[in-house]
Structures are given as structure tokens and as C-alpha cells.
file target_34.pdb (PDB, C-alpha atoms, pLDDT in the B column)
ATOM      1  CA  MET T  25      51.033 200.886  78.258  1.00 45.00           C
ATOM      2  CA  LYS T  26      53.413 200.867  75.338  1.00 47.00           C
ATOM      3  CA  ALA T  27      55.969 203.216  76.844  1.00 48.00           C
ATOM      4  CA  VAL T  28      58.759 204.899  74.996  1.00 47.00           C
ATOM      5  CA  THR T  29      61.995 204.414  76.865  1.00 47.00           C
ATOM      6  CA  LYS T  30      65.095 206.491  77.170  1.00 46.00           C
ATOM      7  CA  THR T  31      68.319 206.279  79.087  1.00 47.00           C
ATOM      8  CA  SER T  32      70.460 208.933  80.611  1.00 49.00           C
ATOM      9  CA  PRO T  33      74.050 209.134  79.420  1.00 49.00           C
ATOM     10  CA  GLY T  34      76.106 206.284  80.861  1.00 51.00           C
ATOM     11  CA  SER T  35      73.079 204.643  82.493  1.00 52.00           C
ATOM     12  CA  LYS T  36      71.569 201.282  81.716  1.00 55.00           C
ATOM     13  CA  GLU T  37      68.324 202.191  83.485  1.00 61.00           C
ATOM     14  CA  PHE T  38      65.236 202.564  81.399  1.00 53.00           C
ATOM     15  CA  HIS T  39      62.666 205.194  82.309  1.00 50.00           C
ATOM     16  CA  PRO T  40      59.195 205.066  80.796  1.00 58.00           C
ATOM     17  CA  VAL T  41      58.088 208.266  79.118  1.00 59.00           C
ATOM     18  CA  LYS T  42      54.339 208.802  79.211  1.00 59.00           C
ATOM     19  CA  PRO T  43      52.755 209.769  75.929  1.00 71.00           C
ATOM     20  CA  ARG T  44      52.301 213.538  76.305  1.00 94.00           C
ATOM     21  CA  ARG T  45      49.048 213.745  74.331  1.00 96.00           C
ATOM     22  CA  ALA T  46      47.391 211.045  76.414  1.00 98.00           C
ATOM     23  CA  GLU T  47      48.475 212.777  79.612  1.00 97.00           C
ATOM     24  CA  LEU T  48      47.050 216.103  78.424  1.00 97.00           C
ATOM     25  CA  LEU T  49      43.750 214.471  77.450  1.00 98.00           C
ATOM     26  CA  ALA T  50      43.514 212.778  80.851  1.00 98.00           C
ATOM     27  CA  LYS T  51      44.191 216.044  82.666  1.00 98.00           C
ATOM     28  CA  ARG T  52      41.446 217.790  80.682  1.00 98.00           C
ATOM     29  CA  ILE T  53      39.007 214.992  81.579  1.00 98.00           C
ATOM     30  CA  GLU T  54      39.916 215.479  85.235  1.00 98.00           C
ATOM     31  CA  GLU T  55      39.590 219.259  84.945  1.00 98.00           C
ATOM     32  CA  GLY T  56      36.100 219.074  83.450  1.00 98.00           C
ATOM     33  CA  ALA T  57      34.879 216.559  86.004  1.00 98.00           C
ATOM     34  CA  ALA T  58      36.364 218.598  88.851  1.00 98.00           C
ATOM     35  CA  GLY T  59      34.476 221.660  87.634  1.00 98.00           C
ATOM     36  CA  LEU T  60      31.233 219.721  87.457  1.00 98.00           C
ATOM     37  CA  ALA T  61      31.812 218.184  90.895  1.00 98.00           C
ATOM     38  CA  ALA T  62      32.658 221.513  92.517  1.00 98.00           C
ATOM     39  CA  PHE T  63      29.557 223.163  91.085  1.00 98.00           C
ATOM     40  CA  ALA T  64      27.264 220.230  91.930  1.00 98.00           C
ATOM     41  CA  ALA T  65      28.606 219.951  95.494  1.00 98.00           C
ATOM     42  CA  GLN T  66      27.284 223.400  96.408  1.00 98.00           C
ATOM     43  CA  LEU T  67      23.768 222.859  95.018  1.00 98.00           C
ATOM     44  CA  SER T  68      20.772 222.888  97.322  1.00 97.00           C
ATOM     45  CA  GLU T  69      18.400 219.914  97.363  1.00 97.00           C
ATOM     46  CA  GLU T  70      15.915 221.970  95.348  1.00 97.00           C
ATOM     47  CA  GLN T  71      18.549 222.788  92.719  1.00 97.00           C
ATOM     48  CA  TRP T  72      19.649 219.121  92.652  1.00 97.00           C
ATOM     49  CA  ARG T  73      16.085 218.173  91.669  1.00 97.00           C
ATOM     50  CA  THR T  74      15.647 220.983  89.080  1.00 97.00           C
ATOM     51  CA  PRO T  75      15.029 219.788  85.490  1.00 96.00           C
ATOM     52  CA  VAL T  76      17.887 220.587  83.115  1.00 96.00           C
ATOM     53  CA  SER T  77      15.612 222.197  80.509  1.00 93.00           C
ATOM     54  CA  SER T  78      12.136 222.212  79.058  1.00 91.00           C
ATOM     55  CA  SER T  79      13.251 219.590  76.531  1.00 92.00           C
ATOM     56  CA  ASP T  80      15.386 217.528  78.944  1.00 92.00           C
ATOM     57  CA  HIS T  81      13.310 216.829  82.029  1.00 94.00           C
ATOM     58  CA  ARG T  82      16.055 214.947  83.860  1.00 96.00           C
ATOM     59  CA  ALA T  83      16.912 216.440  87.230  1.00 97.00           C
ATOM     60  CA  ILE T  84      20.330 218.041  87.523  1.00 98.00           C
ATOM     61  CA  GLY T  85      21.380 215.316  89.983  1.00 97.00           C
ATOM     62  CA  ILE T  86      20.498 212.604  87.493  1.00 98.00           C
ATOM     63  CA  VAL T  87      22.591 214.349  84.850  1.00 98.00           C
ATOM     64  CA  VAL T  88      25.594 214.581  87.178  1.00 98.00           C
ATOM     65  CA  HIS T  89      25.254 210.848  87.862  1.00 98.00           C
ATOM     66  CA  HIS T  90      24.825 210.233  84.111  1.00 98.00           C
ATOM     67  CA  VAL T  91      28.150 211.921  83.324  1.00 98.00           C
ATOM     68  CA  ALA T  92      29.848 209.697  85.888  1.00 98.00           C
ATOM     69  CA  ALA T  93      28.078 206.531  84.778  1.00 98.00           C
ATOM     70  CA  VAL T  94      29.001 206.755  81.108  1.00 97.00           C
ATOM     71  CA  TYR T  95      32.753 207.304  81.489  1.00 98.00           C
ATOM     72  CA  PRO T  96      33.459 203.551  81.236  1.00 98.00           C
ATOM     73  CA  VAL T  97      31.401 203.263  78.038  1.00 97.00           C
ATOM     74  CA  GLU T  98      33.052 206.316  76.500  1.00 97.00           C
ATOM     75  CA  ILE T  99      36.506 204.895  77.200  1.00 98.00           C
ATOM     76  CA  GLU T 100      35.467 201.487  75.827  1.00 98.00           C
ATOM     77  CA  LEU T 101      34.340 203.142  72.584  1.00 98.00           C
ATOM     78  CA  ALA T 102      37.622 205.067  72.293  1.00 98.00           C
ATOM     79  CA  ARG T 103      39.572 201.850  72.934  1.00 98.00           C
ATOM     80  CA  ALA T 104      37.668 200.056  70.144  1.00 98.00           C
ATOM     81  CA  ILE T 105      38.484 202.859  67.693  1.00 98.00           C
ATOM     82  CA  ALA T 106      42.128 202.831  68.877  1.00 98.00           C
ATOM     83  CA  GLU T 107      42.224 199.148  67.950  1.00 98.00           C
ATOM     84  CA  GLY T 108      40.876 199.975  64.478  1.00 98.00           C
ATOM     85  CA  LYS T 109      37.491 198.362  65.159  1.00 98.00           C
ATOM     86  CA  PRO T 110      34.495 200.140  63.626  1.00 98.00           C
ATOM     87  CA  VAL T 111      31.697 200.980  66.063  1.00 98.00           C
ATOM     88  CA  SER T 112      28.283 200.675  64.446  1.00 97.00           C
ATOM     89  CA  GLU T 113      25.875 199.507  67.139  1.00 95.00           C
ATOM     90  CA  VAL T 114      25.925 202.713  69.214  1.00 95.00           C
ATOM     91  CA  THR T 115      23.527 205.200  67.639  1.00 95.00           C
ATOM     92  CA  TRP T 116      21.974 208.394  68.950  1.00 94.00           C
ATOM     93  CA  GLU T 117      18.689 206.491  69.298  1.00 95.00           C
ATOM     94  CA  VAL T 118      20.410 203.901  71.501  1.00 96.00           C
ATOM     95  CA  VAL T 119      21.970 206.699  73.547  1.00 95.00           C
ATOM     96  CA  ALA T 120      18.545 208.311  74.054  1.00 95.00           C
ATOM     97  CA  GLU T 121      17.103 204.975  75.216  1.00 96.00           C
ATOM     98  CA  LEU T 122      19.985 204.395  77.620  1.00 95.00           C
ATOM     99  CA  ASN T 123      19.660 207.937  78.981  1.00 94.00           C
ATOM    100  CA  ALA T 124      15.920 207.458  79.574  1.00 95.00           C
ATOM    101  CA  LYS T 125      16.516 204.111  81.305  1.00 96.00           C
ATOM    102  CA  HIS T 126      19.259 205.652  83.453  1.00 97.00           C
ATOM    103  CA  ALA T 127      16.990 208.541  84.443  1.00 95.00           C
ATOM    104  CA  GLY T 128      14.308 206.125  85.593  1.00 96.00           C
ATOM    105  CA  GLU T 129      16.758 204.015  87.565  1.00 97.00           C
ATOM    106  CA  GLN T 130      18.457 207.003  89.196  1.00 96.00           C
ATOM    107  CA  SER T 131      15.416 209.182  89.958  1.00 94.00           C
ATOM    108  CA  ALA T 132      16.325 209.297  93.657  1.00 95.00           C
ATOM    109  CA  VAL T 133      20.114 209.539  93.304  1.00 97.00           C
ATOM    110  CA  THR T 134      21.719 211.422  96.161  1.00 97.00           C
ATOM    111  CA  LYS T 135      24.345 214.094  95.729  1.00 98.00           C
ATOM    112  CA  ALA T 136      26.822 212.032  97.759  1.00 98.00           C
ATOM    113  CA  ALA T 137      26.326 208.942  95.588  1.00 98.00           C
ATOM    114  CA  ALA T 138      26.588 210.861  92.321  1.00 98.00           C
ATOM    115  CA  LEU T 139      29.701 212.756  93.394  1.00 98.00           C
ATOM    116  CA  GLU T 140      31.339 209.567  94.672  1.00 98.00           C
ATOM    117  CA  LEU T 141      30.712 207.817  91.348  1.00 98.00           C
ATOM    118  CA  LEU T 142      31.925 210.886  89.455  1.00 98.00           C
ATOM    119  CA  SER T 143      35.172 210.876  91.425  1.00 98.00           C
ATOM    120  CA  LYS T 144      35.730 207.126  90.999  1.00 98.00           C
ATOM    121  CA  ASN T 145      34.876 206.939  87.303  1.00 98.00           C
ATOM    122  CA  THR T 146      36.783 210.104  86.445  1.00 98.00           C
ATOM    123  CA  ALA T 147      39.929 208.662  88.016  1.00 98.00           C
ATOM    124  CA  GLU T 148      39.466 205.376  86.157  1.00 98.00           C
ATOM    125  CA  ALA T 149      38.740 207.104  82.840  1.00 98.00           C
ATOM    126  CA  ALA T 150      41.762 209.374  83.164  1.00 98.00           C
ATOM    127  CA  ALA T 151      43.982 206.417  84.075  1.00 98.00           C
ATOM    128  CA  ALA T 152      42.707 204.496  81.046  1.00 98.00           C
ATOM    129  CA  VAL T 153      43.311 207.456  78.721  1.00 98.00           C
ATOM    130  CA  ARG T 154      46.868 207.751  80.023  1.00 98.00           C
ATOM    131  CA  THR T 155      47.560 204.272  78.601  1.00 97.00           C
ATOM    132  CA  PHE T 156      46.834 205.301  74.996  1.00 98.00           C
ATOM    133  CA  THR T 157      49.870 205.658  72.770  1.00 97.00           C
ATOM    134  CA  ASP T 158      50.120 208.387  70.155  1.00 97.00           C
ATOM    135  CA  GLU T 159      49.680 205.696  67.499  1.00 97.00           C
ATOM    136  CA  GLU T 160      46.450 204.528  69.133  1.00 98.00           C
ATOM    137  CA  LEU T 161      45.179 208.101  69.481  1.00 98.00           C
ATOM    138  CA  ASP T 162      45.790 208.578  65.739  1.00 98.00           C
ATOM    139  CA  THR T 163      44.032 205.353  64.706  1.00 98.00           C
ATOM    140  CA  ALA T 164      40.721 205.948  62.933  1.00 98.00           C
ATOM    141  CA  ALA T 165      37.726 203.730  62.340  1.00 98.00           C
ATOM    142  CA  ARG T 166      34.099 204.269  61.383  1.00 98.00           C
ATOM    143  CA  PHE T 167      32.043 205.512  64.318  1.00 98.00           C
ATOM    144  CA  SER T 168      28.247 205.439  64.357  1.00 97.00           C
ATOM    145  CA  LEU T 169      27.903 208.434  66.711  1.00 96.00           C
ATOM    146  CA  SER T 170      29.778 210.435  64.078  1.00 96.00           C
ATOM    147  CA  TYR T 171      27.384 209.199  61.372  1.00 95.00           C
ATOM    148  CA  GLY T 172      29.782 206.507  60.182  1.00 97.00           C
ATOM    149  CA  ALA T 173      32.683 208.877  59.586  1.00 98.00           C
ATOM    150  CA  PRO T 174      36.126 207.414  60.225  1.00 98.00           C
ATOM    151  CA  VAL T 175      37.297 209.321  63.289  1.00 98.00           C
ATOM    152  CA  THR T 176      40.368 208.930  65.485  1.00 98.00           C
ATOM    153  CA  ALA T 177      40.425 207.574  69.001  1.00 98.00           C
ATOM    154  CA  GLN T 178      41.609 211.002  70.139  1.00 98.00           C
ATOM    155  CA  PHE T 179      38.494 212.575  68.587  1.00 98.00           C
ATOM    156  CA  VAL T 180      36.266 210.066  70.385  1.00 98.00           C
ATOM    157  CA  ILE T 181      37.978 210.836  73.701  1.00 98.00           C
ATOM    158  CA  GLU T 182      37.689 214.580  73.139  1.00 98.00           C
ATOM    159  CA  ASP T 183      34.132 214.543  71.827  1.00 97.00           C
ATOM    160  CA  HIS T 184      32.784 212.193  74.478  1.00 96.00           C
ATOM    161  CA  ALA T 185      34.707 211.526  77.714  1.00 96.00           C
ATOM    162  CA  LEU T 186      36.418 214.911  77.764  1.00 97.00           C
ATOM    163  CA  ARG T 187      33.594 217.159  76.519  1.00 97.00           C
ATOM    164  CA  HIS T 188      30.784 215.456  78.403  1.00 96.00           C
ATOM    165  CA  SER T 189      31.256 217.104  81.807  1.00 97.00           C
ATOM    166  CA  TRP T 190      31.816 220.535  80.240  1.00 97.00           C
ATOM    167  CA  HIS T 191      28.680 220.174  78.095  1.00 97.00           C
ATOM    168  CA  HIS T 192      26.441 219.181  80.980  1.00 97.00           C
ATOM    169  CA  LEU T 193      27.914 221.762  83.366  1.00 98.00           C
ATOM    170  CA  ALA T 194      27.045 224.481  80.845  1.00 97.00           C
ATOM    171  CA  ARG T 195      23.483 223.144  80.565  1.00 97.00           C
ATOM    172  CA  ILE T 196      23.172 222.942  84.370  1.00 97.00           C
ATOM    173  CA  ARG T 197      24.418 226.513  84.787  1.00 97.00           C
ATOM    174  CA  LYS T 198      21.890 227.652  82.190  1.00 96.00           C
ATOM    175  CA  ALA T 199      19.062 225.827  83.976  1.00 96.00           C
ATOM    176  CA  LEU T 200      19.981 227.519  87.237  1.00 96.00           C
ATOM    177  CA  LYS T 201      20.863 230.834  85.591  1.00 94.00           C
ATOM    178  CA  ALA T 202      24.222 230.591  87.353  1.00 89.00           C
TER     179      ALA T 202
END

call {"tool": "encode", "arguments": {"input": "target_34.pdb", "output": "C-alpha cells"}}
result
Amino acid sequence: MKAVTKTSPGSKEFHPVKPRRAELLAKRIEEGAAGLAAFAAQLSEEQWRTPVSSSDHRAIGIVVHHVAAVYPVEIELARAIAEGKPVSEVTWEVVAELNAKHAGEQSAVTKAAALELLSKNTAEAAAAVRTFTDEELDTAARFSLSYGAPVTAQFVIEDHALRHSWHHLARIRKALKA
């Protein structure tokens, strides 16, 4: 982490100062994942196996696991943008293919396994976000999931890693009319 340093009057000690924006982003990632985890933890087995919608036939449990499983990819994409590297190979078609493959592979995912992965990957994603400097958060590059628009690393974090749990929790609540 490229930390800003400051000293107290008369002291030669250096104290790292965490970038405030990165810390706030990380906390919002943790908040969203905690909400999803808390809601998912109280679901019955029948609810866990309920399809998300008539157009998304994935079971709710698969979607919870999906949110957890893609945190590393979402952070990797944000890191690439933060380094000024355009991202062109990740399209919505690729995402749909990966989601379908994931659903097939995780058709029997247990609540315990999904919640464990959600906890682990949320912590790792939040820790990674905390390492971003303000300069990195402000760096923009072309991003294929935003139709080639030059977007900032902060936008990628907010639109993907941060929003993802909130988005799917809303869809799960709608499916269960909760």
C-alpha cells in the first residue's frame, strides 16, 4: 500500500494513514456481503433451492455462491483499471457463459459452503480494496463491461464488487417475496 505518512509534533515516528476512500469502499463491500449472508443464513432448504426468477433459473444458493466466487475477479478487474490497463476481453457474453458454467458446477452447493466462501472472499476483497490509493481509484481506462467507456477503478469497484451483493440480495428478496 502506498501510504501517506505523517508525524506528530516533535516525533520522528511515521504513522501510515489509510486512504479514506478505499476504506469506505471496503466497508461498503463488507456491509453488502454481511446483509446477503445474514439473509441467506436464515433460509430454509426449500428457499435455498428456489430459482431467482423466471428468466434466471439459478437457485438462490447458487447465486449466493456466485457472489462470493466472483469477488477475486472483480478485484482483479479493478486493479487492472487502477494500473491504467484497458480491459477488453471481459464482455457480458463471457460473463453469461461463466455464470452458466458456475451454475452447473455448483448445482448442489450447500449453504455452509457458500456462506464460508462468501465470508472468506469478502474479507480478501475488502483487504485488497483497502490497498488502493486515491490516485489508483481515480485512474481510468477503457472497460469492456462498460461498453468500452474509460471508467475509473473506483467505478469498477462500486459497480461490481460493491454493488454485486446488494443487487443479488434484492433479486433474492423479490423471488421470495421477502

call {"tool": "resolve_selection", "arguments": {"input": "target_34.pdb", "expression": "the PyMOL selection byres ((chain T and resi 56) around 8)", "output": "MDAnalysis selection string"}}
result
chainID T and resid 52:55 57:60 186:187 189:190

call {"tool": "atom_distance", "arguments": {"input": "target_34.pdb", "atom1": "CA of Gly108 (chain T)", "atom2": "CA of Leu142 (chain T)"}}
result
28.7 Å

call {"tool": "atom_distance", "arguments": {"input": "target_34.pdb", "atom1": "CA of Thr74 (chain T)", "atom2": "CA of Arg195 (chain T)"}}
result
11.8 Å

call {"tool": "closest_residue", "arguments": {"input": "target_34.pdb", "among": "T:Ala165, T:Ala199, T:Ile181, T:Ala173", "to": "Asp80 (chain T)", "atoms": "all atoms listed in the file"}}
result
T:Ala199

call {"tool": "atom_distance", "arguments": {"input": "target_34.pdb", "atom1": "CA of Val88 (chain T)", "atom2": "CA of Leu122 (chain T)"}}
result
15.1 Å

call {"tool": "resolve_selection", "arguments": {"input": "target_34.pdb", "expression": "the PyMOL selection byres ((chain T and resi 109) around 12)", "output": "count of residues only"}}
result
24

call {"tool": "resolve_selection", "arguments": {"input": "target_34.pdb", "expression": "the PyMOL selection byres ((chain T and resi 85) around 7)", "output": "mmCIF file with C-alpha atoms, in the frame of the given file"}}
result
data_model
loop_
_atom_site.group_PDB
_atom_site.id
_atom_site.type_symbol
_atom_site.label_atom_id
_atom_site.label_comp_id
_atom_site.auth_asym_id
_atom_site.auth_seq_id
_atom_site.Cartn_x
_atom_site.Cartn_y
_atom_site.Cartn_z
ATOM 1 C CA TRP T 72 19.649 219.121 92.652
ATOM 2 C CA ARG T 73 16.085 218.173 91.669
ATOM 3 C CA ALA T 83 16.912 216.440 87.230
ATOM 4 C CA ILE T 84 20.330 218.041 87.523
ATOM 5 C CA ILE T 86 20.498 212.604 87.493
ATOM 6 C CA VAL T 87 22.591 214.349 84.850
ATOM 7 C CA VAL T 88 25.594 214.581 87.178
ATOM 8 C CA HIS T 89 25.254 210.848 87.862
ATOM 9 C CA VAL T 133 20.114 209.539 93.304
ATOM 10 C CA LYS T 135 24.345 214.094 95.729
#

call {"tool": "residues_around", "arguments": {"input": "target_34.pdb", "residues": "Thr157 (chain T)", "least_positions_apart": "3", "cutoff": "7 Å", "atoms": "only C-alpha atoms", "output": "list in words"}}
result
Lys26, Pro43, Ala46, Glu160 and Leu161 of chain T

call {"tool": "closest_residue", "arguments": {"input": "target_34.pdb", "among": "T:Thr146, T:Asn123, T:Ser77, T:Thr134", "to": "Ala65 (chain T)", "atoms": "all atoms listed in the file"}}
result
T:Thr134

call {"tool": "closest_residue", "arguments": {"input": "target_34.pdb", "among": "T:His81, T:Pro96, T:Glu140, T:Glu69", "to": "Ala127 (chain T)", "atoms": "all atoms listed in the file"}}
result
T:His81

call {"tool": "closest_residue", "arguments": {"input": "target_34.pdb", "among": "T:Leu48, T:Val76, T:Ala120, T:Ala132", "to": "Leu200 (chain T)", "atoms": "only C-alpha atoms"}}
result
T:Val76

call {"tool": "residues_around", "arguments": {"input": "target_34.pdb", "residues": "Leu49 (chain T)", "least_positions_apart": "6", "cutoff": "9 Å", "atoms": "all atoms listed in the file", "output": "PDB file with C-alpha atoms, keeping the file's coordinate frame"}}
result
ATOM      1  CA  ALA T 150      41.762 209.374  83.164  1.00 98.00           C
ATOM      2  CA  VAL T 153      43.311 207.456  78.721  1.00 98.00           C
ATOM      3  CA  ARG T 154      46.868 207.751  80.023  1.00 98.00           C
ATOM      4  CA  GLN T 178      41.609 211.002  70.139  1.00 98.00           C
ATOM      5  CA  ILE T 181      37.978 210.836  73.701  1.00 98.00           C
ATOM      6  CA  GLU T 182      37.689 214.580  73.139  1.00 98.00           C
ATOM      7  CA  LEU T 186      36.418 214.911  77.764  1.00 97.00           C
TER       8      LEU T 186
END

call {"tool": "residues_around", "arguments": {"input": "target_34.pdb", "residues": "Val119 (chain T)", "least_positions_apart": "3", "cutoff": "12 Å", "atoms": "only C-alpha atoms", "output": "list in words"}}
result
His90, Val94, Val97, Glu98, Glu113, Val114, Thr115, Trp116, Leu122, Asn123, Ala124, Lys125, His126, Ser168 and Leu169 of chain T

call {"tool": "residues_around", "arguments": {"input": "target_34.pdb", "residues": "Ser143 (chain T)", "least_positions_apart": "4", "cutoff": "8 Å", "atoms": "only C-alpha atoms", "output": "list in words"}}
result
Ala57, Ala92, Leu139 and Ala147 of chain T
